[in-house]
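With mmCIF, C-alpha atoms inside, this is final-v3.cif:
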data_input
#
loop_
_atom_site.group_PDB
_atom_site.id
_atom_site.type_symbol
_atom_site.label_atom_id
_atom_site.label_comp_id
_atom_site.auth_asym_id
_atom_site.auth_seq_id
_atom_site.Cartn_x
_atom_site.Cartn_y
_atom_site.Cartn_z
ATOM 1 C CA MET A 1 0.000 0.000 0.000
ATOM 2 C CA GLU A 2 1.088 3.578 -0.603
ATOM 3 C CA ARG A 3 1.104 6.293 2.052
ATOM 4 C CA ALA A 4 -0.344 9.778 2.208
ATOM 5 C CA GLU A 5 0.362 12.315 4.930
ATOM 6 C CA VAL A 6 -2.920 13.774 6.175
ATOM 7 C CA ASP A 7 -2.818 16.222 9.074
ATOM 8 C CA GLY A 8 0.449 14.777 10.343
ATOM 9 C CA VAL A 9 -0.681 11.136 10.121
ATOM 10 C CA GLN A 10 0.461 8.642 7.512
ATOM 11 C CA LEU A 11 -2.557 6.866 6.030
ATOM 12 C CA GLU A 12 -2.018 3.705 4.010
ATOM 13 C CA TYR A 13 -4.109 3.565 0.851
ATOM 14 C CA GLN A 14 -4.472 1.573 -2.335
ATOM 15 C CA PHE A 15 -6.122 1.924 -5.726
ATOM 16 C CA SER A 16 -7.658 -1.102 -7.390
ATOM 17 C CA GLY A 17 -10.104 -1.792 -10.184
ATOM 18 C CA SER A 18 -9.683 -1.214 -13.906
ATOM 19 C CA GLY A 19 -12.828 0.786 -14.550
ATOM 20 C CA THR A 20 -13.039 4.358 -15.768
ATOM 21 C CA GLY A 21 -16.043 5.391 -13.700
ATOM 22 C CA ASP A 22 -15.938 7.808 -10.801
ATOM 23 C CA PRO A 23 -13.845 6.873 -7.749
ATOM 24 C CA VAL A 24 -15.356 4.839 -4.933
ATOM 25 C CA ILE A 25 -13.802 5.200 -1.493
ATOM 26 C CA PHE A 26 -14.409 2.595 1.210
ATOM 27 C CA ILE A 27 -14.296 3.403 4.945
ATOM 28 C CA HIS A 28 -13.786 0.311 7.074
ATOM 29 C CA GLY A 29 -15.174 -0.426 10.507
ATOM 30 C CA ALA A 30 -13.532 -1.848 13.623
ATOM 31 C CA PHE A 31 -10.736 -4.447 13.732
ATOM 32 C CA ILE A 32 -10.470 -5.522 10.070
ATOM 33 C CA ALA A 33 -8.923 -2.709 8.045
ATOM 34 C CA ASP A 34 -8.917 -4.816 4.859
ATOM 35 C CA SER A 35 -12.514 -5.968 5.239
ATOM 36 C CA PHE A 36 -13.499 -4.711 1.783
ATOM 37 C CA ARG A 37 -11.026 -7.016 0.019
ATOM 38 C CA PRO A 38 -13.746 -9.409 -1.282
ATOM 39 C CA LEU A 39 -15.651 -6.528 -2.899
ATOM 40 C CA LEU A 40 -12.549 -5.242 -4.681
ATOM 41 C CA ALA A 41 -12.382 -8.463 -6.702
ATOM 42 C CA GLU A 42 -16.023 -8.394 -7.780
ATOM 43 C CA PRO A 43 -16.288 -7.616 -11.522
ATOM 44 C CA ALA A 44 -19.417 -5.496 -11.022
ATOM 45 C CA LEU A 45 -17.218 -2.965 -9.210
ATOM 46 C CA ALA A 46 -13.663 -3.692 -10.328
ATOM 47 C CA GLU A 47 -14.417 -3.469 -14.040
ATOM 48 C CA ARG A 48 -16.388 -0.219 -13.791
ATOM 49 C CA TYR A 49 -14.922 1.990 -11.072
ATOM 50 C CA LYS A 50 -11.685 3.265 -9.588
ATOM 51 C CA LEU A 51 -11.693 1.742 -6.109
ATOM 52 C CA ILE A 52 -9.880 3.363 -3.172
ATOM 53 C CA THR A 53 -9.344 1.581 0.125
ATOM 54 C CA TYR A 54 -7.377 2.936 3.050
ATOM 55 C CA ARG A 55 -6.535 2.057 6.622
ATOM 56 C CA ARG A 56 -7.922 4.553 9.089
ATOM 57 C CA ARG A 57 -5.608 6.263 11.584
ATOM 58 C CA GLY A 58 -4.170 3.763 14.003
ATOM 59 C CA TYR A 59 -4.628 0.814 11.642
ATOM 60 C CA GLY A 60 -1.869 -0.867 9.682
ATOM 61 C CA GLY A 61 1.436 0.948 9.904
ATOM 62 C CA THR A 62 0.239 4.114 11.620
ATOM 63 C CA HIS A 63 0.268 2.920 15.261
ATOM 64 C CA ALA A 64 3.528 4.581 16.218
ATOM 65 C CA SER A 65 2.520 7.999 14.912
ATOM 66 C CA LEU A 66 -0.542 8.350 17.140
ATOM 67 C CA ASP A 67 -1.303 9.416 20.640
ATOM 68 C CA LYS A 68 -3.979 7.500 22.551
ATOM 69 C CA THR A 69 -6.669 10.162 22.405
ATOM 70 C CA PRO A 70 -10.008 8.532 21.520
ATOM 71 C CA THR A 71 -11.167 9.335 18.028
ATOM 72 C CA THR A 72 -14.094 11.462 16.941
ATOM 73 C CA ALA A 73 -16.324 11.144 13.895
ATOM 74 C CA ALA A 74 -15.242 14.632 12.824
ATOM 75 C CA ARG A 75 -11.562 13.618 12.957
ATOM 76 C CA GLN A 76 -12.190 10.464 10.937
ATOM 77 C CA ALA A 77 -14.263 12.350 8.373
ATOM 78 C CA ALA A 78 -11.507 14.940 8.066
ATOM 79 C CA ASP A 79 -8.976 12.156 7.448
ATOM 80 C CA CYS A 80 -11.067 10.792 4.601
ATOM 81 C CA ALA A 81 -11.574 14.270 3.163
ATOM 82 C CA GLY A 82 -7.861 14.963 3.437
ATOM 83 C CA LEU A 83 -6.986 11.734 1.648
ATOM 84 C CA LEU A 84 -9.397 12.477 -1.196
ATOM 85 C CA ARG A 85 -7.920 15.950 -1.605
ATOM 86 C CA TYR A 86 -4.377 14.548 -1.451
ATOM 87 C CA LEU A 87 -5.319 12.165 -4.275
ATOM 88 C CA GLY A 88 -6.891 14.946 -6.306
ATOM 89 C CA VAL A 89 -10.343 13.374 -6.138
ATOM 90 C CA GLU A 90 -13.019 16.050 -6.485
ATOM 91 C CA HIS A 91 -15.889 13.783 -5.471
ATOM 92 C CA ALA A 92 -16.432 10.082 -4.866
ATOM 93 C CA TYR A 93 -19.043 7.495 -4.122
ATOM 94 C CA VAL A 94 -18.536 6.777 -0.419
ATOM 95 C CA VAL A 95 -19.082 3.324 1.117
ATOM 96 C CA GLY A 96 -18.849 2.882 4.888
ATOM 97 C CA ARG A 97 -19.477 -0.210 6.989
ATOM 98 C CA SER A 98 -20.229 -0.219 10.734
ATOM 99 C CA PHE A 99 -18.121 2.569 12.317
ATOM 100 C CA GLY A 100 -17.105 3.464 8.771
ATOM 101 C CA GLY A 101 -20.745 4.175 7.999
ATOM 102 C CA CYS A 102 -20.799 6.710 10.822
ATOM 103 C CA PHE A 103 -17.729 8.435 9.424
ATOM 104 C CA ALA A 104 -19.286 8.452 5.950
ATOM 105 C CA LEU A 105 -22.334 10.268 7.313
ATOM 106 C CA GLN A 106 -20.118 12.793 9.101
ATOM 107 C CA LEU A 107 -18.155 13.330 5.889
ATOM 108 C CA ALA A 108 -21.379 14.114 4.023
ATOM 109 C CA VAL A 109 -22.237 16.730 6.670
ATOM 110 C CA ASP A 110 -18.765 18.274 6.921
ATOM 111 C CA ALA A 111 -17.551 18.098 3.305
ATOM 112 C CA PRO A 112 -20.617 17.515 1.121
ATOM 113 C CA GLU A 113 -18.817 18.664 -2.009
ATOM 114 C CA LEU A 114 -16.657 15.514 -1.896
ATOM 115 C CA VAL A 115 -19.532 13.053 -1.617
ATOM 116 C CA ARG A 116 -21.425 11.982 -4.732
ATOM 117 C CA SER A 117 -23.498 9.406 -2.849
ATOM 118 C CA LEU A 118 -23.453 7.310 0.329
ATOM 119 C CA ALA A 119 -23.698 3.555 0.779
ATOM 120 C CA LEU A 120 -24.148 2.766 4.463
ATOM 121 C CA LEU A 121 -23.531 -0.881 5.373
ATOM 122 C CA GLU A 122 -25.055 -1.425 8.821
ATOM 123 C CA PRO A 123 -23.643 1.820 10.241
ATOM 124 C CA ALA A 124 -23.019 1.653 13.988
ATOM 125 C CA LEU A 125 -25.157 4.619 14.974
ATOM 126 C CA PHE A 126 -26.428 5.281 18.479
ATOM 127 C CA VAL A 127 -30.063 6.029 17.707
ATOM 128 C CA GLY A 128 -33.473 4.949 18.903
ATOM 129 C CA ALA A 129 -34.528 2.951 21.928
ATOM 130 C CA SER A 130 -31.552 0.583 21.670
ATOM 131 C CA ALA A 131 -28.896 3.320 21.545
ATOM 132 C CA GLN A 132 -27.832 3.282 25.183
ATOM 133 C CA ALA A 133 -27.719 -0.494 25.434
ATOM 134 C CA TYR A 134 -25.576 -0.637 22.296
ATOM 135 C CA ARG A 135 -23.245 2.067 23.613
ATOM 136 C CA ASP A 136 -22.937 0.286 26.966
ATOM 137 C CA SER A 137 -22.094 -3.025 25.289
ATOM 138 C CA LEU A 138 -19.202 -1.428 23.393
ATOM 139 C CA LEU A 139 -17.882 0.227 26.539
ATOM 140 C CA ARG A 140 -18.056 -3.096 28.388
ATOM 141 C CA SER A 141 -16.074 -4.730 25.590
ATOM 142 C CA ALA A 142 -13.394 -2.037 25.885
ATOM 143 C CA GLU A 143 -13.186 -2.622 29.635
ATOM 144 C CA ARG A 144 -12.970 -6.395 29.205
ATOM 145 C CA TYR A 145 -10.172 -5.908 26.655
ATOM 146 C CA ARG A 146 -8.088 -4.357 29.436
ATOM 147 C CA VAL A 147 -8.777 -7.322 31.716
ATOM 148 C CA ASP A 148 -9.034 -10.368 29.419
ATOM 149 C CA GLY A 149 -6.968 -9.263 26.445
ATOM 150 C CA ALA A 150 -7.720 -8.444 22.830
ATOM 151 C CA SER A 151 -7.963 -11.957 21.406
ATOM 152 C CA VAL A 152 -10.742 -13.148 23.725
ATOM 153 C CA VAL A 153 -12.922 -10.059 23.352
ATOM 154 C CA MET A 154 -12.316 -9.719 19.624
ATOM 155 C CA GLU A 155 -13.438 -13.283 18.924
ATOM 156 C CA GLU A 156 -16.574 -12.779 21.030
ATOM 157 C CA PHE A 157 -17.253 -9.599 19.061
ATOM 158 C CA PHE A 158 -17.005 -11.426 15.722
ATOM 159 C CA ARG A 159 -19.121 -14.396 16.796
ATOM 160 C CA ALA A 160 -21.917 -12.130 18.020
ATOM 161 C CA ARG A 161 -22.123 -10.522 14.570
ATOM 162 C CA TRP A 162 -21.127 -13.395 12.247
ATOM 163 C CA PRO A 163 -22.622 -16.733 13.381
ATOM 164 C CA HIS A 164 -20.321 -18.820 11.182
ATOM 165 C CA TYR A 165 -17.163 -16.941 12.158
ATOM 166 C CA SER A 166 -13.902 -18.800 12.674
ATOM 167 C CA ARG A 167 -10.294 -17.708 12.358
ATOM 168 C CA ALA A 168 -9.967 -19.931 9.322
ATOM 169 C CA ALA A 169 -13.040 -18.386 7.681
ATOM 170 C CA LEU A 170 -11.666 -14.884 8.208
ATOM 171 C CA ASP A 171 -8.201 -15.799 6.964
ATOM 172 C CA GLN A 172 -9.692 -17.395 3.860
ATOM 173 C CA VAL A 173 -11.237 -14.128 2.667
ATOM 174 C CA VAL A 174 -8.577 -11.797 4.139
ATOM 175 C CA PRO A 175 -5.275 -13.706 4.272
ATOM 176 C CA GLY A 176 -3.622 -13.026 7.615
ATOM 177 C CA GLY A 177 -6.772 -11.208 8.647
ATOM 178 C CA PHE A 178 -6.957 -12.482 12.205
ATOM 179 C CA GLU A 179 -3.379 -11.591 13.127
ATOM 180 C CA ARG A 180 -3.715 -8.203 11.454
ATOM 181 C CA ALA A 181 -6.962 -7.537 13.330
ATOM 182 C CA LEU A 182 -5.311 -8.604 16.575
ATOM 183 C CA ALA A 183 -2.445 -6.165 15.971
ATOM 184 C CA ASP A 184 -4.977 -3.404 15.280
ATOM 185 C CA ALA A 185 -7.226 -4.247 18.242
ATOM 186 C CA PRO A 186 -5.696 -1.558 20.502
ATOM 187 C CA THR A 187 -6.869 1.042 17.982
ATOM 188 C CA THR A 188 -10.388 -0.361 18.097
ATOM 189 C CA PHE A 189 -10.555 -0.512 21.875
ATOM 190 C CA GLU A 190 -8.582 2.632 22.739
ATOM 191 C CA LEU A 191 -9.200 5.071 19.868
ATOM 192 C CA ASP A 192 -12.362 4.003 18.050
ATOM 193 C CA ILE A 193 -14.226 3.675 21.345
ATOM 194 C CA GLY A 194 -14.399 7.470 21.327
ATOM 195 C CA LEU A 195 -17.233 7.134 18.836
ATOM 196 C CA THR A 196 -19.543 6.195 21.702
ATOM 197 C CA ASN A 197 -19.662 9.943 22.501
ATOM 198 C CA TRP A 198 -20.904 10.767 18.998
ATOM 199 C CA THR A 199 -24.491 11.682 18.243
ATOM 200 C CA PHE A 200 -26.218 11.869 14.889
ATOM 201 C CA ASP A 201 -29.708 13.263 14.960
ATOM 202 C CA LYS A 202 -32.533 13.818 12.503
ATOM 203 C CA GLY A 203 -31.484 17.411 11.946
ATOM 204 C CA GLN A 204 -28.061 16.321 10.732
ATOM 205 C CA ALA A 205 -29.595 13.600 8.574
ATOM 206 C CA GLU A 206 -31.899 16.094 6.893
ATOM 207 C CA ARG A 207 -28.875 18.154 5.814
ATOM 208 C CA ILE A 208 -27.591 15.286 3.664
ATOM 209 C CA SER A 209 -28.859 15.865 0.151
ATOM 210 C CA GLN A 210 -26.921 13.111 -1.618
ATOM 211 C CA PRO A 211 -28.557 9.815 -2.583
ATOM 212 C CA ALA A 212 -28.030 7.148 0.073
ATOM 213 C CA LEU A 213 -28.286 3.376 0.010
ATOM 214 C CA VAL A 214 -28.896 1.954 3.491
ATOM 215 C CA VAL A 215 -27.959 -1.729 3.767
ATOM 216 C CA LEU A 216 -29.092 -4.290 6.333
ATOM 217 C CA GLY A 217 -28.069 -7.934 6.585
ATOM 218 C CA GLY A 218 -31.202 -10.048 6.338
ATOM 219 C CA ASP A 219 -30.227 -12.151 9.367
ATOM 220 C CA SER A 220 -28.862 -9.283 11.486
ATOM 221 C CA PRO A 221 -32.105 -8.381 13.312
ATOM 222 C CA LYS A 222 -32.285 -11.713 15.126
ATOM 223 C CA LEU A 223 -28.683 -11.269 16.318
ATOM 224 C CA LEU A 224 -28.556 -7.545 17.065
ATOM 225 C CA PRO A 225 -31.915 -5.786 16.644
ATOM 226 C CA HIS A 226 -30.108 -2.459 16.980
ATOM 227 C CA PHE A 227 -29.019 -2.610 13.347
ATOM 228 C CA GLU A 228 -32.595 -2.958 12.098
ATOM 229 C CA GLU A 229 -33.657 0.006 14.227
ATOM 230 C CA THR A 230 -30.820 2.065 12.755
ATOM 231 C CA TYR A 231 -31.760 0.948 9.244
ATOM 232 C CA ARG A 232 -35.368 2.083 9.640
ATOM 233 C CA GLN A 233 -34.441 5.386 11.262
ATOM 234 C CA LEU A 234 -32.048 6.273 8.456
ATOM 235 C CA LEU A 235 -34.616 5.446 5.799
ATOM 236 C CA ASP A 236 -37.041 7.698 7.639
ATOM 237 C CA SER A 237 -34.663 10.621 8.221
ATOM 238 C CA LEU A 238 -32.360 10.814 5.176
ATOM 239 C CA PRO A 239 -34.088 12.840 2.439
ATOM 240 C CA HIS A 240 -33.017 10.620 -0.482
ATOM 241 C CA ALA A 241 -32.545 7.113 0.860
ATOM 242 C CA ASP A 242 -33.242 3.670 -0.526
ATOM 243 C CA GLY A 243 -33.029 0.470 1.493
ATOM 244 C CA LEU A 244 -31.434 -2.860 0.676
ATOM 245 C CA VAL A 245 -31.792 -6.028 2.732
ATOM 246 C CA VAL A 246 -29.168 -8.624 1.779
ATOM 247 C CA PRO A 247 -30.615 -12.149 2.272
ATOM 248 C CA GLY A 248 -28.683 -14.438 4.574
ATOM 249 C CA ALA A 249 -26.184 -11.763 5.624
ATOM 250 C CA THR A 250 -25.260 -10.465 9.048
ATOM 251 C CA HIS A 251 -22.976 -7.628 10.141
ATOM 252 C CA LEU A 252 -19.777 -8.777 8.409
ATOM 253 C CA LEU A 253 -21.607 -8.867 5.042
ATOM 254 C CA GLN A 254 -19.048 -9.270 2.229
ATOM 255 C CA LEU A 255 -16.734 -11.351 4.421
ATOM 256 C CA GLU A 256 -19.366 -13.998 5.084
ATOM 257 C CA SER A 257 -19.692 -15.668 1.674
ATOM 258 C CA ALA A 258 -18.865 -15.240 -1.998
ATOM 259 C CA GLU A 259 -22.594 -15.069 -2.765
ATOM 260 C CA ILE A 260 -23.177 -12.197 -0.331
ATOM 261 C CA SER A 261 -20.127 -10.341 -1.662
ATOM 262 C CA ALA A 262 -21.359 -10.676 -5.269
ATOM 263 C CA THR A 263 -24.902 -9.617 -4.346
ATOM 264 C CA LEU A 264 -23.637 -6.561 -2.509
ATOM 265 C CA ALA A 265 -21.224 -5.598 -5.292
ATOM 266 C CA ARG A 266 -23.976 -5.741 -7.925
ATOM 267 C CA ALA A 267 -26.294 -3.661 -5.746
ATOM 268 C CA LEU A 268 -23.596 -1.036 -5.160
ATOM 269 C CA ALA A 269 -22.773 -0.855 -8.875
ATOM 270 C CA GLU A 270 -26.443 -0.402 -9.757
ATOM 271 C CA PHE A 271 -26.790 2.301 -7.115
ATOM 272 C CA PHE A 272 -23.741 4.196 -8.353
ATOM 273 C CA ALA A 273 -24.914 3.919 -11.972
ATOM 274 C CA ARG A 274 -28.169 5.686 -11.136
ATOM 275 C CA ASP A 275 -26.149 8.733 -10.140
ATOM 276 C CA ALA A 276 -23.513 8.538 -12.871
ATOM 277 C CA PRO A 277 -22.695 11.883 -14.504
ATOM 278 C CA GLY A 278 -24.335 12.487 -17.884
#

Could you write out this file's structure as structure tokens?
Amino acid sequence: MERAEVDGVQLEYQFSGSGTGDPVIFIHGAFIADSFRPLLAEPALAERYKLITYRRRGYGGTHASLDKTPTTAARQAADCAGLLRYLGVEHAYVVGRSFGGCFALQLAVDAPELVRSLALLEPALFVGASAQAYRDSLLRSAERYRVDGASVVMEEFFRARWPHYSRAALDQVVPGGFERALADAPTTFELDIGLTNWTFDKGQAERISQPALVVLGGDSPKLLPHFEETYRQLLDSLPHADGLVVPGATHLLQLESAEISATLARALAEFFARDAPG
């Protein structure tokens, strides 16, 4: 991966795809910085668009350059904006999963000129009746990390969101994925946990004028009902939002099976095409 200096931090990034369409930038969630790898190989995206992935601050090779101040959505959005400007990208389709979906929303509020559209893959918002319980569960995980260690808590985290998770399954779709996630776990538990102080209300949502695709795994509600509540609230509050329920998927989506990855890639490509210039 190449490196870009953004506000004093080195962010690792990579271009892939052979298409000539507008750029697509992917913002990853917790633990697995390379979680979009399966989508990058899908012809529906790779043959049509310029795909940009990057490792958020604290992930990959940026550990040593950071202090331990918990992150904010505004800081993460500014990083993404800074990377796009560094790359000379005037606007991009933005895809964010989990925490990355939160940062994508903040980017659309803070730098709307850079965002052509939003694809929000089970964003980890703190909204609705389940917000406090969800926030508390993340804070408990961060506390247990300090007591029981990263490996134990990380595996519990994955299993709660991906019923068929195993280290082997993760490493099959992201080679070396478990060890890389384990190395990055301090960032998740010490920096990303700052997102629990973030709020995103209906007023902010109504300021987002770009088209949005809100994605829910079809099997997520029976595991974590919070994601279905978030899905419905975003469809209700974003002015130009469409919903997509991916059959058989849970929170890890494209990592879970080749079929889910292909389904999601086709849906994203169709969504981007509706907003293509000209």

Open item on the list: Please determine, counting all atoms listed in the file, which residue among A:Leu264, A:Val246, A:Ile193, A:Ala74 has the shortest atom-to-atom distance to A:Asp136.
Closed with: A:Ile193

TODO: Please measure the separation of atom CA of A:Ala81 and atom CA of A:Leu51, giving the value in Å to one decimal.
DONE: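 That distance, rounded to one decimal, is 15.6 Å.
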
TODO: List the residues selected by the PyMOL selection byres ((chain A and resi 169-171) around 10) in the file shown, writing them as a ChimeraX atom specification.
DONE: /A:32,35,158,164-168,172-180,255-257

Open item on the list: I need the output of the PyMOL selection byres ((chain A and resi 16) around 7) for this file as a PyMOL selection string; which residues are they?
Closed with: chain A and resi 14-15+17-18+40+50-52

- [ ] Run the PyMOL selection byres ((chain A and resi 240) around 7) mentally over the shown coordinates, then write out the matched residues as a ChimeraX atom specification, using the chain letters and numbers from the document.
- [x] /A:209-212,238-239,241-242

Would you put the residues from that selection into a file with C-alpha atoms, as a PDB file, in the coordinates of the input?
ATOM      1  CA  SER A 209     -28.859  15.865   0.151  1.00  0.00           C
ATOM      2  CA  GLN A 210     -26.921  13.111  -1.618  1.00  0.00           C
ATOM      3  CA  PRO A 211     -28.557   9.815  -2.583  1.00  0.00           C
ATOM      4  CA  ALA A 212     -28.030   7.148   0.073  1.00  0.00           C
ATOM      5  CA  LEU A 238     -32.360  10.814   5.176  1.00  0.00           C
ATOM      6  CA  PRO A 239     -34.088  12.840   2.439  1.00  0.00           C
ATOM      7  CA  ALA A 241     -32.545   7.113   0.860  1.00  0.00           C
ATOM      8  CA  ASP A 242     -33.242   3.670  -0.526  1.00  0.00           C
TER       9      ASP A 242
END

Task: Two-atom distance - atom CA of A:Arg75, atom CA of A:Ile27 (Å) - done: 13.3 Å

TODO: Determine, counting all atoms listed in the file, which protein, DNA and RNA residues have an atom within 9 Å of an atom of A:Lys68; residues of the same chain fewer than 5 positions away are not included. Present the result as a VMD selection string.
DONE: chain A and resid 187 190 to 191

- [ ] Work out how far apart atom CA of A:His91 and atom CA of A:Tyr59 are and give it in Å to one decimal.
- [x]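 Atom-to-atom, atom CA of A:His91 to atom CA of A:Tyr59, that is 24.2 Å.
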
Open item on the list: List as a ChimeraX atom specification the protein and nucleic acid residues near A:Ser130, meaning an atom at most 12 Å away when all atoms listed in the file are counted, but skip any in the same chain fewer than 2 places from it.
Closed with: /A:124-128,132-137,224-230,233

Task: Selected residue, from A:Leu11, A:Val214, A:Phe31, A:Gln204, that lies nearest to A:Ala150 when counting all atoms listed in the file - done: A:Phe31
